[in-house]
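Coordinates from data_30.cif are shown below (mmCIF, C-alpha atoms).
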data_run
loop_
_atom_site.label_atom_id
_atom_site.label_comp_id
_atom_site.auth_asym_id
_atom_site.auth_seq_id
_atom_site.Cartn_x
_atom_site.Cartn_y
_atom_site.Cartn_z
CA MET A 1 -15.34 18.71 4.04
CA ARG A 2 -15.64 17.79 0.37
CA THR A 3 -12.60 19.96 -0.43
CA PHE A 4 -10.62 18.25 2.34
CA ALA A 5 -11.57 14.79 1.02
CA ILE A 6 -10.71 15.63 -2.61
CA ALA A 7 -7.36 17.12 -1.54
CA SER A 8 -6.64 13.94 0.44
CA TYR A 9 -7.46 11.71 -2.54
CA SER A 10 -5.23 13.91 -4.72
CA LEU A 11 -2.30 13.42 -2.35
CA TYR A 12 -2.74 9.66 -2.50
CA PHE A 13 -2.84 9.94 -6.31
CA LEU A 14 0.48 11.82 -6.12
CA ALA A 15 1.89 9.08 -3.87
CA GLY A 16 0.86 6.44 -6.42
CA LEU A 17 2.57 8.38 -9.21
CA VAL A 18 5.74 8.93 -7.22
CA ILE A 19 6.13 5.38 -5.94
CA THR A 20 6.21 4.02 -9.51
CA THR A 21 8.25 6.76 -11.21
CA ILE A 22 11.69 5.21 -10.71
CA GLY A 23 10.48 1.76 -11.72
CA SER A 24 8.81 3.09 -14.87
CA VAL A 25 12.09 4.51 -16.21
CA MET A 26 14.53 2.17 -14.44
CA PRO A 27 16.13 0.74 -17.65
CA GLN A 28 16.70 4.23 -19.08
CA LEU A 29 17.99 5.61 -15.77
CA LEU A 30 20.45 2.75 -15.28
CA ALA A 31 21.60 2.95 -18.91
CA HIS A 32 22.22 6.70 -18.57
CA TYR A 33 24.40 6.16 -15.49
CA GLU A 34 25.91 2.89 -16.84
CA GLN A 35 24.72 0.93 -13.79
CA SER A 36 23.59 -2.71 -13.46
CA TYR A 37 20.21 -4.09 -12.43
CA THR A 38 21.83 -5.20 -9.18
CA VAL A 39 22.33 -1.52 -8.40
CA GLY A 40 18.71 -0.95 -9.43
CA GLY A 41 17.65 -3.55 -6.86
CA GLN A 42 19.71 -1.74 -4.24
CA MET A 43 17.87 1.47 -5.13
CA VAL A 44 14.55 -0.30 -4.46
CA PHE A 45 15.84 -1.39 -1.06
CA VAL A 46 17.02 2.14 -0.22
CA SER A 47 13.58 3.39 -1.22
CA ALA A 48 11.94 0.91 1.17
CA VAL A 49 14.22 2.04 4.00
CA GLY A 50 13.26 5.65 3.26
CA PHE A 51 9.58 4.71 3.46
CA ILE A 52 10.07 3.05 6.84
CA ALA A 53 12.03 6.07 8.11
CA GLY A 54 9.29 8.42 6.90
CA VAL A 55 6.77 7.07 9.43
CA PRO A 56 8.50 8.21 12.67
CA ILE A 57 9.64 11.39 10.92
CA SER A 58 6.02 12.26 10.07
CA ALA A 59 4.94 11.55 13.66
CA TRP A 60 7.68 13.88 14.95
CA LEU A 61 6.71 16.60 12.46
CA MET A 62 3.07 16.43 13.57
CA LYS A 63 4.21 17.20 17.12
CA VAL A 64 6.55 20.02 16.03
CA LEU A 65 4.36 21.72 13.43
CA MET A 66 1.13 21.07 15.38
CA LYS A 67 -1.10 21.24 12.28
CA GLU A 68 -1.25 18.19 10.03
CA LYS A 69 -1.85 20.23 6.89
CA TYR A 70 1.58 21.82 7.21
CA VAL A 71 3.18 18.37 7.51
CA LEU A 72 1.42 17.34 4.29
CA ALA A 73 2.45 20.55 2.51
CA LEU A 74 6.06 19.98 3.62
CA SER A 75 5.93 16.35 2.46
CA ALA A 76 4.69 17.44 -0.98
CA ILE A 77 7.53 20.00 -1.16
CA VAL A 78 10.08 17.32 -0.22
CA ILE A 79 8.78 15.13 -3.04
CA ALA A 80 8.87 18.08 -5.47
CA ILE A 81 12.48 18.89 -4.55
CA ALA A 82 13.55 15.26 -4.90
CA GLN A 83 11.79 14.85 -8.26
CA PHE A 84 13.07 18.15 -9.66
CA SER A 85 16.60 17.18 -8.62
CA VAL A 86 16.46 13.75 -10.27
CA TRP A 87 15.04 15.40 -13.40
CA SER A 88 18.28 17.41 -13.61
CA LEU A 89 20.23 14.10 -13.70
CA PRO A 90 22.77 14.77 -10.91
CA PRO A 91 25.62 12.34 -10.06
CA PHE A 92 24.26 8.84 -9.39
CA GLY A 93 25.01 8.91 -5.66
CA TRP A 94 22.67 11.87 -5.37
CA VAL A 95 19.97 9.99 -7.28
CA VAL A 96 20.06 7.22 -4.66
CA ALA A 97 19.91 9.76 -1.82
CA LEU A 98 17.07 11.65 -3.50
CA ASN A 99 15.15 8.40 -3.98
CA PHE A 100 15.46 7.84 -0.22
CA LEU A 101 14.15 11.38 0.42
CA ASN A 102 11.35 10.80 -2.05
CA SER A 103 10.15 7.74 -0.14
CA VAL A 104 10.25 9.64 3.16
CA GLY A 105 7.81 12.14 1.66
CA VAL A 106 5.51 9.40 0.34
CA ALA A 107 5.45 7.63 3.72
CA ALA A 108 4.59 10.87 5.50
CA ILE A 109 1.72 11.51 3.09
CA GLU A 110 0.29 8.01 3.43
CA CYS A 111 0.59 7.98 7.22
CA VAL A 112 -0.80 11.48 7.90
CA VAL A 113 -3.61 11.35 5.32
CA ALA A 114 -4.79 7.92 6.50
CA THR A 115 -4.74 9.11 10.12
CA LEU A 116 -6.70 12.26 9.32
CA MET A 117 -9.31 10.46 7.23
CA MET A 118 -9.99 7.95 9.99
CA GLU A 119 -10.17 10.66 12.64
CA VAL A 120 -12.49 12.86 10.57
CA PHE A 121 -14.75 10.22 8.99
CA VAL A 122 -15.20 7.90 11.98
CA GLY A 123 -18.36 6.17 10.74
CA ARG A 124 -17.10 5.88 7.16
CA ARG A 125 -13.53 4.75 7.66
CA ALA A 126 -13.64 1.72 5.39
CA VAL A 127 -15.41 3.63 2.60
CA VAL A 128 -13.01 6.61 2.56
CA MET A 129 -9.97 4.36 2.90
CA SER A 130 -11.11 2.36 -0.12
CA TYR A 131 -11.39 5.62 -2.07
CA LEU A 132 -7.87 6.59 -0.96
CA GLU A 133 -6.57 3.24 -2.19
CA VAL A 134 -8.37 3.75 -5.52
CA SER A 135 -6.63 7.12 -5.89
CA PHE A 136 -3.25 5.54 -5.13
CA GLY A 137 -3.90 2.72 -7.61
CA ILE A 138 -4.87 5.13 -10.38
CA GLY A 139 -1.63 7.02 -9.79
CA ALA A 140 0.35 3.77 -9.90
CA LEU A 141 -1.35 2.90 -13.18
CA CYS A 142 -0.97 6.34 -14.79
CA MET A 143 2.77 6.80 -14.29
CA PRO A 144 3.87 3.84 -16.45
CA LEU A 145 1.57 5.15 -19.20
CA ILE A 146 2.98 8.67 -18.89
CA ALA A 147 6.53 7.33 -18.81
CA SER A 148 5.99 5.13 -21.87
CA VAL A 149 4.93 8.15 -23.95
CA LEU A 150 7.93 10.15 -22.74
CA ILE A 151 10.30 7.23 -23.34
CA ALA A 152 8.95 6.87 -26.90
CA ASN A 153 9.81 10.54 -27.45
CA GLN A 154 13.25 10.10 -25.83
CA VAL A 155 12.49 12.52 -22.98
CA TRP A 156 12.05 9.93 -20.23
CA ARG A 157 13.53 12.14 -17.51
CA TYR A 158 10.52 14.47 -17.78
CA SER A 159 8.57 11.82 -15.85
CA PHE A 160 10.16 13.32 -12.75
CA LEU A 161 9.13 16.81 -13.82
CA VAL A 162 5.46 15.76 -13.96
CA THR A 163 5.45 14.56 -10.34
CA ALA A 164 7.53 17.54 -9.19
CA CYS A 165 5.03 20.03 -10.60
CA LEU A 166 2.09 18.17 -9.07
CA GLY A 167 3.95 18.12 -5.73
CA ILE A 168 4.27 21.92 -5.78
CA ILE A 169 0.59 22.33 -6.63
CA MET A 170 -0.45 20.03 -3.78
CA ALA A 171 1.84 21.83 -1.33
CA VAL A 172 0.20 25.17 -2.14
CA ILE A 173 -3.32 23.71 -1.91
CA TRP A 174 -2.70 22.11 1.48
CA CYS A 175 -1.50 25.38 2.97
CA PHE A 176 -5.07 26.67 2.53
CA ILE A 177 -7.09 23.53 3.38
CA SER A 178 -9.30 23.76 6.45
CA PHE A 179 -11.27 21.04 8.23
CA ALA A 180 -12.79 20.37 11.62
CA LYS A 181 -13.08 16.89 13.09
CA GLU A 182 -16.12 17.79 15.19
CA GLU A 183 -18.16 18.48 12.04
CA THR A 184 -18.47 14.77 11.32
CA GLU A 185 -19.38 13.47 14.75
CA GLY A 186 -23.01 13.07 13.79
CA ALA A 187 -22.37 11.94 10.23
CA GLU A 188 -24.28 8.94 8.96
CA SER A 189 -22.32 5.70 9.22
CA LEU A 190 -21.66 4.07 5.86
CA ASP A 191 -19.62 1.05 7.02
CA ALA A 192 -21.42 -2.21 7.77
CA GLY A 193 -22.36 -2.93 11.35
CA ILE A 194 -19.64 -4.52 13.45
CA ALA A 195 -19.18 -5.59 17.04
CA PRO A 196 -18.18 -2.74 19.35
CA PRO A 197 -14.48 -2.35 20.22
CA PRO A 198 -13.38 -5.04 22.69
CA MET A 199 -12.54 -4.52 26.34
CA PHE A 200 -8.99 -5.66 27.09
CA LYS A 201 -8.57 -7.29 30.49
CA THR A 202 -4.80 -6.93 30.51
CA LYS A 203 -2.17 -4.78 28.79
CA GLN A 204 -0.50 -7.99 27.64
CA MET A 205 -3.63 -9.03 25.71
CA LYS A 206 -3.88 -5.54 24.20
CA ARG A 207 -0.27 -5.76 23.00
CA TYR A 208 -0.89 -9.25 21.62
CA ILE A 209 -3.86 -8.19 19.50
CA LEU A 210 -2.06 -5.04 18.30
CA PHE A 211 0.92 -7.18 17.31
CA ALA A 212 -1.45 -9.54 15.47
CA PHE A 213 -2.82 -6.70 13.35
CA VAL A 214 0.66 -5.36 12.63
CA PHE A 215 1.77 -8.87 11.65
CA LEU A 216 -1.21 -9.15 9.26
CA ILE A 217 -0.14 -5.97 7.49
CA PHE A 218 3.47 -7.21 7.40
CA MET A 219 2.36 -10.47 5.71
CA TYR A 220 -0.02 -8.80 3.26
CA SER A 221 2.50 -6.18 2.17
CA GLY A 222 5.02 -8.96 1.63
CA ILE A 223 2.60 -10.69 -0.72
CA GLU A 224 1.76 -7.53 -2.67
CA GLY A 225 5.40 -6.37 -2.80
CA SER A 226 6.55 -9.77 -4.07
CA LEU A 227 3.94 -9.83 -6.80
CA ASN A 228 4.70 -6.23 -7.82
CA HIS A 229 8.40 -6.98 -8.26
CA PHE A 230 8.28 -10.50 -9.70
CA MET A 231 4.96 -10.90 -11.54
CA SER A 232 6.61 -10.41 -14.94
CA SER A 233 9.45 -12.80 -14.07
CA ILE A 234 6.93 -15.40 -12.86
CA PHE A 235 5.08 -15.22 -16.19
CA LEU A 236 8.36 -15.51 -18.12
CA ASN A 237 9.68 -18.50 -16.20
CA HIS A 238 6.52 -20.31 -15.05
CA LEU A 239 4.27 -19.81 -18.08
CA GLU A 240 7.01 -19.19 -20.69
CA VAL A 241 5.29 -16.21 -22.35
CA THR A 242 7.09 -13.48 -24.32
CA PRO A 243 8.52 -10.47 -22.43
CA TYR A 244 5.78 -8.21 -23.85
CA TYR A 245 2.96 -10.37 -22.47
CA ALA A 246 4.84 -10.87 -19.22
CA SER A 247 5.00 -7.12 -18.66
CA LEU A 248 1.27 -6.92 -19.41
CA SER A 249 0.54 -9.06 -16.34
CA ILE A 250 1.43 -6.34 -13.82
CA GLY A 251 -0.79 -3.86 -15.68
CA LEU A 252 -3.72 -6.29 -15.50
CA PHE A 253 -3.02 -6.90 -11.83
CA TRP A 254 -3.16 -3.19 -10.98
CA THR A 255 -6.20 -2.58 -13.17
CA ALA A 256 -8.03 -5.29 -11.23
CA MET A 257 -6.77 -3.79 -7.97
CA VAL A 258 -8.21 -0.38 -8.85
CA ILE A 259 -11.57 -1.88 -9.87
CA GLY A 260 -11.65 -3.98 -6.71
CA ARG A 261 -10.81 -1.01 -4.50
CA ALA A 262 -13.63 0.98 -6.07
CA ALA A 263 -16.00 -1.91 -5.35
CA THR A 264 -14.75 -2.19 -1.76
CA GLY A 265 -16.45 1.10 -0.90
CA TRP A 266 -19.78 -0.56 -1.76
CA ILE A 267 -19.06 -4.07 -0.47
CA ILE A 268 -17.97 -2.90 2.98
CA ARG A 269 -21.40 -1.37 3.50
CA LYS A 270 -22.84 -4.90 3.30
CA VAL A 271 -20.33 -7.05 5.22
CA ASN A 272 -18.27 -6.47 8.34
CA TYR A 273 -14.49 -6.09 8.41
CA ALA A 274 -13.70 -9.63 9.58
CA SER A 275 -15.88 -11.31 6.92
CA TYR A 276 -14.43 -9.14 4.18
CA LEU A 277 -10.85 -9.94 5.14
CA ARG A 278 -11.56 -13.64 5.66
CA TRP A 279 -13.08 -14.19 2.23
CA SER A 280 -10.65 -11.87 0.44
CA MET A 281 -7.57 -13.63 1.71
CA PHE A 282 -9.12 -17.08 1.30
CA GLY A 283 -9.81 -16.18 -2.34
CA THR A 284 -6.23 -14.92 -2.73
CA LEU A 285 -4.84 -18.17 -1.33
CA VAL A 286 -6.96 -20.29 -3.69
CA VAL A 287 -5.94 -18.21 -6.73
CA ILE A 288 -2.21 -18.40 -5.90
CA VAL A 289 -2.41 -22.18 -5.43
CA MET A 290 -4.22 -22.53 -8.78
CA PHE A 291 -1.57 -20.33 -10.40
CA ALA A 292 1.20 -22.58 -9.05
CA LEU A 293 -0.53 -25.74 -10.30
CA TRP A 294 -1.93 -24.58 -13.66
CA ARG A 295 0.62 -23.81 -16.38
CA ASP A 296 -1.48 -22.14 -19.02
CA ALA A 297 -0.91 -18.53 -20.12
CA VAL A 298 -4.58 -17.66 -20.72
CA VAL A 299 -5.61 -19.13 -17.39
CA GLY A 300 -2.66 -17.33 -15.82
CA PHE A 301 -3.89 -13.92 -16.99
CA ILE A 302 -7.40 -14.70 -15.72
CA LEU A 303 -5.98 -15.71 -12.35
CA VAL A 304 -3.92 -12.50 -12.15
CA ILE A 305 -7.09 -10.47 -12.62
CA MET A 306 -8.83 -12.53 -9.93
CA MET A 307 -5.82 -12.04 -7.66
CA GLY A 308 -6.00 -8.27 -8.07
CA LEU A 309 -9.70 -8.31 -7.22
CA THR A 310 -9.36 -10.48 -4.11
CA MET A 311 -6.36 -8.55 -2.75
CA SER A 312 -7.65 -5.06 -3.59
CA GLY A 313 -9.13 -4.03 -0.25
CA VAL A 314 -7.10 -6.11 2.20
CA TYR A 315 -4.63 -3.40 3.18
CA SER A 316 -7.17 -0.63 3.80
CA ILE A 317 -9.71 -2.82 5.61
CA THR A 318 -7.01 -4.37 7.82
CA MET A 319 -5.94 -0.85 8.81
CA VAL A 320 -9.55 0.19 9.49
CA TYR A 321 -10.25 -2.99 11.49
CA ALA A 322 -7.17 -2.32 13.61
CA ASN A 323 -8.24 1.26 14.29
CA HIS A 324 -11.74 0.09 15.20
CA THR A 325 -10.26 -2.38 17.69
CA PHE A 326 -8.15 0.31 19.37
CA PRO A 327 -10.30 3.47 19.61
CA GLY A 328 -8.40 6.60 20.58
CA MET A 329 -5.12 5.16 19.29
CA THR A 330 -5.49 6.13 15.62
CA ARG A 331 -2.11 7.82 15.27
CA LEU A 332 -0.13 5.01 16.91
CA VAL A 333 -2.00 2.24 15.09
CA THR A 334 -1.80 3.94 11.67
CA SER A 335 1.91 4.67 12.13
CA LEU A 336 2.66 1.06 13.06
CA VAL A 337 0.59 -0.28 10.18
CA THR A 338 2.29 2.01 7.66
CA ALA A 339 5.80 1.26 8.97
CA PHE A 340 5.35 -2.52 8.93
CA ALA A 341 3.76 -2.34 5.49
CA GLY A 342 7.00 -0.79 4.26
CA PHE A 343 9.02 -3.37 6.19
CA GLY A 344 7.10 -6.28 4.65
CA ALA A 345 7.43 -4.80 1.16
CA ALA A 346 11.21 -4.64 1.67
CA VAL A 347 11.86 -8.02 3.30
CA PHE A 348 9.60 -10.45 1.44
CA PRO A 349 10.61 -9.55 -2.15
CA ALA A 350 14.22 -10.25 -1.16
CA LEU A 351 13.17 -13.70 0.11
CA ILE A 352 11.15 -14.41 -3.04
CA GLY A 353 13.99 -13.24 -5.29
CA TYR A 354 16.41 -15.57 -3.47
CA SER A 355 13.91 -18.43 -3.77
CA MET A 356 13.49 -17.88 -7.52
CA ASP A 357 17.26 -17.95 -8.01
CA HIS A 358 17.92 -21.04 -5.89
CA SER A 359 14.79 -23.22 -5.95
CA GLY A 360 12.69 -22.01 -8.88
CA THR A 361 9.52 -20.10 -9.64
CA VAL A 362 7.10 -22.74 -8.38
CA SER A 363 8.76 -22.75 -4.97
CA ALA A 364 8.47 -18.97 -4.86
CA LEU A 365 4.74 -19.23 -5.62
CA TRP A 366 4.28 -21.73 -2.80
CA TYR A 367 6.08 -19.37 -0.44
CA ILE A 368 3.64 -16.59 -1.41
CA ALA A 369 0.74 -18.98 -0.86
CA GLY A 370 2.23 -19.75 2.55
CA PHE A 371 2.22 -16.04 3.41
CA ALA A 372 -1.50 -15.88 2.56
CA ALA A 373 -2.18 -18.96 4.69
CA ILE A 374 -0.35 -17.44 7.68
CA TYR A 375 -2.42 -14.26 7.30
CA LEU A 376 -5.61 -16.34 7.42
CA ILE A 377 -4.48 -18.33 10.45
CA ILE A 378 -3.66 -15.19 12.46
CA LEU A 379 -6.93 -13.55 11.41
CA LEU A 380 -9.09 -16.56 12.29
CA LEU A 381 -7.32 -18.07 15.30
CA GLY A 382 -5.91 -14.88 16.79
CA ILE A 383 -8.10 -11.83 16.20
CA GLY A 384 -11.26 -13.73 15.23
CA ARG A 385 -11.18 -15.96 18.31
CA PHE A 386 -10.52 -12.96 20.54
CA TYR A 387 -13.62 -11.18 19.18
CA ARG A 388 -15.71 -14.35 19.57
CA ASN A 389 -14.63 -14.71 23.19
CA GLN A 390 -15.59 -11.09 23.79
CA ALA A 391 -19.03 -11.74 22.31
CA ASN A 392 -19.53 -14.78 24.56
CA VAL A 393 -18.55 -12.79 27.64
CA THR A 394 -21.04 -10.04 26.69
CA LEU A 395 -23.88 -12.59 26.23
CA ASN A 396 -23.16 -14.25 29.55
#
Before anything else, please render the file you have as structure tokens.
Amino acid sequence: MRTFAIASYSLYFLAGLVITTIGSVMPQLLAHYEQSYTVGGQMVFVSAVGFIAGVPISAWLMKVLMKEKYVLALSAIVIAIAQFSVWSLPPFGWVVALNFLNSVGVAAIECVVATLMMEVFVGRRAVVMSYLEVSFGIGALCMPLIASVLIANQVWRYSFLVTACLGIIMAVIWCFISFAKEETEGAESLDAGIAPPPMFKTKQMKRYILFAFVFLIFMYSGIEGSLNHFMSSIFLNHLEVTPYYASLSIGLFWTAMVIGRAATGWIIRKVNYASYLRWSMFGTLVVIVMFALWRDAVVGFILVIMMGLTMSGVYSITMVYANHTFPGMTRLVTSLVTAFAGFGAAVFPALIGYSMDHSGTVSALWYIAGFAAIYLIILLLGIGRFYRNQANVTLN
């Protein structure tokens, strides 16, 4: 099973590389094709649509191909083809289409790998998901570094060749991966103790709680997506730092995210899912409010690091908590979570961008704080109250 786990982490690393490749060389790519940043923004939207489309496509492929490893091998090949093709610098229309195809492959990898890991490592879901997120974060951090070296040597398009070659390697490896879910049935549980899955009295209540979890992911992904796209602009406009230091902010944010995700694997052995999410998002809300109120560059960088730490495990633990609440529904729950994560990452940055243009950076920050507050309200008053009611019924 160690080989299976390492191969899974490697695929998430590939996904992290791929998802940041276009962004890392966006100025060079647009300059080569003589396109504007507005067109670049449209490419980001097309990429988000491709990610959303990749979720049902991966579910359909799992039914057709029967074995998940072949779906993952195919997804890696799709990414390799798309990256090789962009490396050749085809007409710009093809670049947009290939970027869409690229995101379909990434979505399939994230959805299928997350599903498999939670089906195989039932008692260690939160721990293995945190490791997956670490792998993704390292990939997202490495690609800008790789691209910067290639840009400095005026061979920026070879960024796509790096991911294409890794995609081929992963496709070959996954054709020979073997694993058996029954091998882990008796495995020692590493996650903290948590209340057993609830008993739903009605289908309506079951749908309500499932919708609540999906909405949480939608809100969180909106927060993360907004910060990913506009962190540098926020530093430029709100704290009035130089462009160099503004660009440094997103690197610090992702470095803190990776460190926090690594720590999540240890923390989640000590606290349950609900407590982790409650304190993580409360901390995120406090940090964003402080960022909106405190206009000091040094403090701003400290707050960005704190933000990365508090947000680091929210996505993976929300997904694990949802799967714990709905046992036997791993594939449906994971697919919904992944799809709405992509949806939130597409919709909310557009809202924040509009807000920054029309009402200013501070207003945009308050909107992001509002998203965090809504997440907390749904977690506490929706899902949390439902679990408390279940506990009271059990005691009585």
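If you look at CA of Leu166 in chain A and CA of Val86 in chain A, they are 15.1 Å away from each other.
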TODO: Go through the shown structure with the PyMOL selection byres ((chain A and resi 200) around 12) and write out the matching residues as a list in words.
DONE: Pro197, Pro198, Met199, Lys201, Thr202, Lys203, Gln204, Met205, Lys206, Arg207, Tyr208, Ile209, Leu210, Thr325, Phe326, Pro327, Phe386, Tyr387, Asn389, Gln390 and Val393 of chain A
TODO: Please measure the separation of CA of Met257 in chain A and CA of Gly222 in chain A, giving the value in Å to one decimal.
DONE: 16.1 Å
TODO: Compile the contact shell of Gly313 in chain A as a PyMOL selection string: residues with an atom at most 10 Å away, counting only C-alpha atoms, same-chain residues fewer than 2 positions apart removed.
DONE: chain A and resi 126+129-130+133-134+257-258+260-265+267-268+276-277+280-281+308-311+315-318
Next, dump the selected residues to file, keeping only C-alpha atoms, as a PDB file, in the coordinates of the input.
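Resulting contents of out.pdb:
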ATOM      1  CA  ALA A 126     -13.640   1.720   5.390  1.00  0.00           C
ATOM      2  CA  MET A 129      -9.970   4.360   2.900  1.00  0.00           C
ATOM      3  CA  SER A 130     -11.110   2.360  -0.120  1.00  0.00           C
ATOM      4  CA  GLU A 133      -6.570   3.240  -2.190  1.00  0.00           C
ATOM      5  CA  VAL A 134      -8.370   3.750  -5.520  1.00  0.00           C
ATOM      6  CA  MET A 257      -6.770  -3.790  -7.970  1.00  0.00           C
ATOM      7  CA  VAL A 258      -8.210  -0.380  -8.850  1.00  0.00           C
ATOM      8  CA  GLY A 260     -11.650  -3.980  -6.710  1.00  0.00           C
ATOM      9  CA  ARG A 261     -10.810  -1.010  -4.500  1.00  0.00           C
ATOM     10  CA  ALA A 262     -13.630   0.980  -6.070  1.00  0.00           C
ATOM     11  CA  ALA A 263     -16.000  -1.910  -5.350  1.00  0.00           C
ATOM     12  CA  THR A 264     -14.750  -2.190  -1.760  1.00  0.00           C
ATOM     13  CA  GLY A 265     -16.450   1.100  -0.900  1.00  0.00           C
ATOM     14  CA  ILE A 267     -19.060  -4.070  -0.470  1.00  0.00           C
ATOM     15  CA  ILE A 268     -17.970  -2.900   2.980  1.00  0.00           C
ATOM     16  CA  TYR A 276     -14.430  -9.140   4.180  1.00  0.00           C
ATOM     17  CA  LEU A 277     -10.850  -9.940   5.140  1.00  0.00           C
ATOM     18  CA  SER A 280     -10.650 -11.870   0.440  1.00  0.00           C
ATOM     19  CA  MET A 281      -7.570 -13.630   1.710  1.00  0.00           C
ATOM     20  CA  GLY A 308      -6.000  -8.270  -8.070  1.00  0.00           C
ATOM     21  CA  LEU A 309      -9.700  -8.310  -7.220  1.00  0.00           C
ATOM     22  CA  THR A 310      -9.360 -10.480  -4.110  1.00  0.00           C
ATOM     23  CA  MET A 311      -6.360  -8.550  -2.750  1.00  0.00           C
ATOM     24  CA  TYR A 315      -4.630  -3.400   3.180  1.00  0.00           C
ATOM     25  CA  SER A 316      -7.170  -0.630   3.800  1.00  0.00           C
ATOM     26  CA  ILE A 317      -9.710  -2.820   5.610  1.00  0.00           C
ATOM     27  CA  THR A 318      -7.010  -4.370   7.820  1.00  0.00           C
TER      28      THR A 318
END
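Each of A:Phe176, A:Phe51, A:Phe301, A:Tyr158 was checked against Tyr245 in chain A using all atoms listed in the file; the smallest atom-to-atom distance is that of A:Phe301.
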As a PDB file with C-alpha atoms, keeping the file's coordinate frame, please: the residues near Thr3 in chain A (cut-off 10 Å, only C-alpha atoms, same-chain neighbours under 5 positions excluded).
ATOM      1  CA  SER A   8      -6.640  13.940   0.440  1.00  0.00           C
ATOM      2  CA  TYR A   9      -7.460  11.710  -2.540  1.00  0.00           C
ATOM      3  CA  ILE A 177      -7.090  23.530   3.380  1.00  0.00           C
ATOM      4  CA  SER A 178      -9.300  23.760   6.450  1.00  0.00           C
ATOM      5  CA  PHE A 179     -11.270  21.040   8.230  1.00  0.00           C
TER       6      PHE A 179
END
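Distances to Trp60 in chain A were evaluated for A:Ser226, A:Thr361, A:Ser335, A:Ser355 using all atoms listed in the file, and the minimum falls at A:Ser335.
For the pair CA of Val162 in chain A and CA of Gly23 in chain A, the interatomic distance is 15.0 Å.
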Task: Test item: residues at most 7 Å from range 368-378 of chain A, all atoms listed in the file, excluding those fewer than 5 positions along its chain, as a ChimeraX atom specification - done: /A:212,216,219,223,278,281,285,288-289,383
Interface rows for range 25-63 of chain A against range 91-106 of chain A: nearest pair, Å to one decimal, 10 Å, only C-alpha atoms, as CSV:
residue,atom,partner,partner_atom,distance
A:Leu29,CA,A:Phe92,CA,9.5
A:Leu30,CA,A:Phe92,CA,9.3
A:His32,CA,A:Phe92,CA,9.6
A:Tyr33,CA,A:Phe92,CA,6.7
A:Glu34,CA,A:Phe92,CA,9.7
A:Gln35,CA,A:Phe92,CA,9.1
A:Val39,CA,A:Val96,CA,9.8
A:Gly40,CA,A:Val96,CA,9.6
A:Gln42,CA,A:Val96,CA,9.0
A:Met43,CA,A:Val96,CA,6.2
A:Val44,CA,A:Asn99,CA,8.7
A:Phe45,CA,A:Phe100,CA,9.3
A:Val46,CA,A:Phe100,CA,5.9
A:Ser47,CA,A:Phe100,CA,4.9
A:Ala48,CA,A:Ser103,CA,7.2
A:Val49,CA,A:Phe100,CA,7.3
A:Gly50,CA,A:Phe100,CA,4.7
A:Phe51,CA,A:Ser103,CA,4.7
A:Ile52,CA,A:Val104,CA,7.6
A:Ala53,CA,A:Val104,CA,6.4
A:Gly54,CA,A:Val104,CA,4.0
A:Val55,CA,A:Val104,CA,7.6
A:Pro56,CA,A:Val104,CA,9.8
A:Ile57,CA,A:Val104,CA,8.0
A:Ser58,CA,A:Val104,CA,8.5
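With distances taken over all atoms listed in the file, A:Phe253 is the one residue among A:Phe136, A:Phe230, A:Phe253, A:Tyr12 lying closest to Ile302 in chain A.
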- [ ] Please provide as number ranges by chain all residues within 12 Å of Leu351 in chain A, with the sequence filter that same-chain residues fewer than 2 positions apart are discarded (counting all atoms listed in the file).
- [x] A: 222-223, 225-226, 229-230, 344-349, 353-359, 363-365, 367-368, 371
- [ ] Compare A:Lys69, A:Met306, A:Ile81, A:Ala256 by their minimum atom-to-atom distance to Ile168 in chain A, counting all atoms listed in the file, and give me the closest one.
- [x] A:Ile81
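Residues matching the PyMOL selection byres ((chain A and resi 333) around 9) in this structure come to Thr115, Leu210, Val214, Met319, Ala322, Asn323, Phe326, Met329, Thr330, Arg331, Leu332, Thr334, Ser335, Leu336, Val337 and Thr338 of chain A.
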Atoms kept (C-alpha atoms) for selection, written as a PDB file, in the coordinates of the input:
ATOM      1  CA  THR A 115      -4.740   9.110  10.120  1.00  0.00           C
ATOM      2  CA  LEU A 210      -2.060  -5.040  18.300  1.00  0.00           C
ATOM      3  CA  VAL A 214       0.660  -5.360  12.630  1.00  0.00           C
ATOM      4  CA  MET A 319      -5.940  -0.850   8.810  1.00  0.00           C
ATOM      5  CA  ALA A 322      -7.170  -2.320  13.610  1.00  0.00           C
ATOM      6  CA  ASN A 323      -8.240   1.260  14.290  1.00  0.00           C
ATOM      7  CA  PHE A 326      -8.150   0.310  19.370  1.00  0.00           C
ATOM      8  CA  MET A 329      -5.120   5.160  19.290  1.00  0.00           C
ATOM      9  CA  THR A 330      -5.490   6.130  15.620  1.00  0.00           C
ATOM     10  CA  ARG A 331      -2.110   7.820  15.270  1.00  0.00           C
ATOM     11  CA  LEU A 332      -0.130   5.010  16.910  1.00  0.00           C
ATOM     12  CA  THR A 334      -1.800   3.940  11.670  1.00  0.00           C
ATOM     13  CA  SER A 335       1.910   4.670  12.130  1.00  0.00           C
ATOM     14  CA  LEU A 336       2.660   1.060  13.060  1.00  0.00           C
ATOM     15  CA  VAL A 337       0.590  -0.280  10.180  1.00  0.00           C
ATOM     16  CA  THR A 338       2.290   2.010   7.660  1.00  0.00           C
TER      17      THR A 338
END
TODO: Measuring atom to atom with all atoms listed in the file, identify which of A:Ala82, A:Val149, A:Val320, A:Ile22 is nearest to Tyr273 in chain A.
DONE: A:Val320
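For Val71 in chain A, the residues within 8 Å (counting all atoms listed in the file, excluding itself and residues fewer than 2 positions away along the chain) are Ser58, Leu61, Met62, Leu65, Lys67, Glu68, Lys69, Ala73, Leu74, Ser75, Ala108 and Val112 of chain A.
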